[in-house]
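Asker: Please find one structure pasted underneath; my questions will follow.
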Amino acid sequence: MEVLIRSRFQESAGVIAESEKLGRSAAAAAQAMISCLKKGGTIFACGNGGSAEQAQHFVGELVGKFQRHRRGLAAAALGTNSGILSAIANDYRYEDVFSRELQALAKKGDVLAAFSTSGNSKNVIEAVKFAKKSGIKTIGFLGSGGALQKLIDIALAVPSVITPRVQEAHLVLLHTIAEVIEDEMIAYEKSHKNNS
């Protein structure tokens, strides 16, 4: 048992260390979200299962706070209203649950953070396709494979196909991006107060 536990920690540390190579893409993702927020846009996030939880976690860091006190930032997780989710799945298709919400809520210039460890989640793919034709920037929290790699604007593709290892690296990425966004938006608010 202890051997297995140590092995998993070593695997996770290895994948996270390899993911350091995503630094440039992560910086581009953070900058895209900062630009969106400065223009009055909204960051949307979506995923299934554990990826849904991470999408909600990311949104929580933005709307609430990451580490520093500041105003709430405009962000929303798709698929969290069970009435809307079940209505769309029942009346249309489950593949449409995220794209339909985007259609109702998002506008050109917004950002979609799409979480999918496989890169093949059909409802996430549909959301990304809708976003791209609607002028919504797409950022993918992905693993090393899948169809989303070719569709997404900025891919944060963790070098692993093992779902738990990918999600662990995604957590580091989303926390780091949330920290960068928070620092930049606090500085932006201060500069706007001083200029008003």
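How things are named: the first chain in the structure tokens is A, the next is B, and so on; residues count from 1 in each chain; ligands count from 1 in the order shown.
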Using DSSP assignments from the backbone, pull out every residue in stretch 21-179 of chain A that falls under strand (DSSP E) and give it to me as a PyMOL selection string.
Answerer: chain A and resi 43-46+75-77+111-116+137-142+154-157
Asker: Write out as an mmCIF file with N, CA and C atoms, in the first residue's frame the residues lying within 8 Å of stretch 135-148 of chain A, counting only C-alpha atoms and excluding same-chain residues fewer than 6 positions away.
Answerer:
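selection_36.cif, written as the output of this step:
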```
data_model
loop_
_atom_site.group_PDB
_atom_site.id
_atom_site.type_symbol
_atom_site.label_atom_id
_atom_site.label_comp_id
_atom_site.auth_asym_id
_atom_site.auth_seq_id
_atom_site.Cartn_x
_atom_site.Cartn_y
_atom_site.Cartn_z
ATOM 1 N N ALA A 29 -2.955 32.317 -21.932
ATOM 2 C CA ALA A 29 -4.318 32.092 -21.453
ATOM 3 C C ALA A 29 -4.704 33.136 -20.416
ATOM 4 N N ALA A 32 -5.291 36.491 -22.111
ATOM 5 C CA ALA A 32 -6.570 36.529 -22.826
ATOM 6 C C ALA A 32 -7.722 36.780 -21.857
ATOM 7 N N ALA A 106 -23.427 34.245 -23.390
ATOM 8 C CA ALA A 106 -22.129 34.801 -23.782
ATOM 9 C C ALA A 106 -22.250 35.791 -24.933
ATOM 10 N N LYS A 107 -21.207 36.591 -25.079
ATOM 11 C CA LYS A 107 -21.143 37.554 -26.181
ATOM 12 C C LYS A 107 -19.736 37.561 -26.760
ATOM 13 N N LYS A 108 -19.617 38.148 -27.919
ATOM 14 C CA LYS A 108 -18.319 38.262 -28.584
ATOM 15 C C LYS A 108 -17.326 38.936 -27.645
ATOM 16 N N GLY A 109 -16.124 38.384 -27.566
ATOM 17 C CA GLY A 109 -15.099 38.945 -26.692
ATOM 18 C C GLY A 109 -14.982 38.232 -25.357
ATOM 19 N N ASP A 110 -15.966 37.389 -25.025
ATOM 20 C CA ASP A 110 -15.879 36.587 -23.811
ATOM 21 C C ASP A 110 -14.853 35.467 -24.005
ATOM 22 N N VAL A 111 -14.594 34.716 -22.946
ATOM 23 C CA VAL A 111 -13.634 33.615 -22.984
ATOM 24 C C VAL A 111 -14.297 32.349 -22.452
ATOM 25 N N LEU A 112 -14.020 31.225 -23.096
ATOM 26 C CA LEU A 112 -14.477 29.925 -22.615
ATOM 27 C C LEU A 112 -13.260 29.101 -22.201
ATOM 28 N N ALA A 113 -13.229 28.689 -20.928
ATOM 29 C CA ALA A 113 -12.215 27.755 -20.439
ATOM 30 C C ALA A 113 -12.840 26.367 -20.460
ATOM 31 N N ALA A 114 -12.350 25.514 -21.337
ATOM 32 C CA ALA A 114 -12.926 24.185 -21.550
ATOM 33 C C ALA A 114 -12.034 23.127 -20.913
ATOM 34 N N PHE A 115 -12.577 22.380 -19.952
ATOM 35 C CA PHE A 115 -11.823 21.349 -19.242
ATOM 36 C C PHE A 115 -12.212 19.976 -19.784
ATOM 37 N N SER A 116 -11.238 19.218 -20.277
ATOM 38 C CA SER A 116 -11.492 17.855 -20.746
ATOM 39 C C SER A 116 -10.184 17.074 -20.725
ATOM 40 N N THR A 117 -10.074 16.098 -19.841
ATOM 41 C CA THR A 117 -8.823 15.343 -19.746
ATOM 42 C C THR A 117 -8.594 14.484 -20.988
ATOM 43 N N SER A 118 -9.678 13.994 -21.585
ATOM 44 C CA SER A 118 -9.547 13.167 -22.803
ATOM 45 C C SER A 118 -9.418 14.014 -24.056
ATOM 46 N N GLY A 119 -9.980 15.217 -24.014
ATOM 47 C CA GLY A 119 -10.029 16.063 -25.201
ATOM 48 C C GLY A 119 -11.107 15.652 -26.179
ATOM 49 N N ASN A 120 -11.971 14.717 -25.760
ATOM 50 C CA ASN A 120 -12.997 14.189 -26.669
ATOM 51 C C ASN A 120 -14.428 14.325 -26.143
ATOM 52 N N ILE A 125 -16.755 19.809 -26.878
ATOM 53 C CA ILE A 125 -16.431 20.085 -28.290
ATOM 54 C C ILE A 125 -17.494 20.991 -28.911
ATOM 55 N N VAL A 128 -17.041 24.516 -27.674
ATOM 56 C CA VAL A 128 -15.879 25.158 -28.307
ATOM 57 C C VAL A 128 -16.210 25.560 -29.743
ATOM 58 N N ILE A 154 -6.063 28.333 -27.372
ATOM 59 C CA ILE A 154 -4.883 28.187 -26.520
ATOM 60 C C ILE A 154 -5.020 26.873 -25.761
ATOM 61 N N ALA A 155 -4.173 25.911 -26.084
ATOM 62 C CA ALA A 155 -4.257 24.581 -25.469
ATOM 63 C C ALA A 155 -3.242 24.437 -24.340
ATOM 64 N N LEU A 156 -3.745 24.123 -23.159
ATOM 65 C CA LEU A 156 -2.900 23.779 -22.019
ATOM 66 C C LEU A 156 -2.975 22.262 -21.889
ATOM 67 N N ALA A 157 -2.191 21.579 -22.717
ATOM 68 C CA ALA A 157 -2.271 20.128 -22.848
ATOM 69 C C ALA A 157 -1.225 19.462 -21.963
ATOM 70 N N VAL A 158 -1.675 18.964 -20.831
ATOM 71 C CA VAL A 158 -0.796 18.282 -19.877
ATOM 72 C C VAL A 158 -0.265 16.995 -20.520
ATOM 73 N N PRO A 159 1.043 16.728 -20.409
ATOM 74 C CA PRO A 159 1.631 15.569 -21.091
ATOM 75 C C PRO A 159 1.349 14.236 -20.384
ATOM 76 N N SER A 160 0.085 13.836 -20.375
ATOM 77 C CA SER A 160 -0.314 12.556 -19.777
ATOM 78 C C SER A 160 -1.688 12.174 -20.311
ATOM 79 N N VAL A 161 -1.972 10.872 -20.336
ATOM 80 C CA VAL A 161 -3.313 10.388 -20.684
ATOM 81 C C VAL A 161 -3.995 9.774 -19.463
ATOM 82 N N THR A 163 -6.055 10.207 -16.346
ATOM 83 C CA THR A 163 -6.983 11.249 -15.901
ATOM 84 C C THR A 163 -6.599 11.897 -14.570
ATOM 85 N N VAL A 166 -3.581 14.184 -14.999
ATOM 86 C CA VAL A 166 -3.925 15.377 -15.777
ATOM 87 C C VAL A 166 -4.663 16.378 -14.890
ATOM 88 N N HIS A 170 -3.810 20.173 -13.907
ATOM 89 C CA HIS A 170 -4.786 21.235 -14.179
ATOM 90 C C HIS A 170 -4.995 22.115 -12.945
#
```
Asker: Identify, with DSSP run on backbone atoms, the residues in stretch 1-123 of chain A assigned to helix (DSSP H, G or I), and express the list as a PyMOL selection string.
Answerer: chain A and resi 2-38+50-63+82-91+94-105+122-123
Asker: Closest to A:Val124 among A:Glu18, A:Glu101, A:Asp183, A:Glu189, using only C-alpha atoms?
Answerer: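 Of the candidates, the smallest distance to A:Val124 is held by A:Glu101.
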Asker: To one decimal place, how far is atom CA of A:Ala27 from atom CA of A:Ile43 in Å?
Answerer: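 Result for atom CA of A:Ala27 versus atom CA of A:Ile43: 15.9 Å, one decimal.
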Asker: Name the residues in contact with A:Lys122 at a cut-off of 9 Å, using only C-alpha atoms, excluding same-chain residues fewer than 4 positions from it; report them as a list in words.
Answerer: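 With the cut-off at 9 Å, the set is Tyr94, Glu95, Asp96, Glu126 and Ala127 of chain A.
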Asker: With distances taken over only C-alpha atoms, which of A:Ala45, A:Lys38, A:Gly50, A:Arg70 is nearest to A:Arg165?
Answerer: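 Closest residue, counting only C-alpha atoms: A:Gly50.
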Asker: I'd like the contact shell of A:Leu73 - 8 Å cut-off, only C-alpha atoms, skipping same-chain residues fewer than 4 positions apart - returned as a tab-separated table (two decimals) with C-alpha atoms, in the first residue's frame.
Answerer:
```
chain	number	residue	atom	x	y	z
A	37	LEU	CA	-12.24	41.15	-17.99
A	62	LEU	CA	-12.37	34.44	-9.86
A	63	VAL	CA	-15.78	35.40	-8.48
A	64	GLY	CA	-14.65	35.00	-4.87
```
Asker: Using only C-alpha atoms, which residue out of A:Cys46, A:Ala26, A:Ala187, A:Ile177 lies closest to A:Phe66?
Answerer: A:Ile177
Asker: For A:Ala52, which of A:Asn195, A:Asn123, A:Ser7, A:Gln67 is the closest residue, counting only C-alpha atoms?
Answerer: A:Asn123
Asker: What is the distance, in Å and to one decimal place, between atom CA of A:Asp91 and atom CA of A:Phe44?
Answerer: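 Atom CA of A:Phe44 lies at a distance of 22.9 Å from atom CA of A:Asp91.
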Asker: Just to confirm, what's the straight-line distance from atom CA of A:Ala30 to atom CA of A:His175 in Å (one decimal)?
Answerer: 11.0 Å
Asker: Do you know which residues are at most 12 Å from A:Tyr188 counting only C-alpha atoms, after dropping those on the same chain fewer than 3 positions away, and could you put them as a list in words?
Answerer: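 In the requested format, the answer is Ile34, Ser35, Leu37, Lys38, Lys39, Arg70, Arg71, Ile181, Glu182, Asp183, Glu184, Met185, Ser191, His192, Lys193, Asn194 and Asn195 of chain A.
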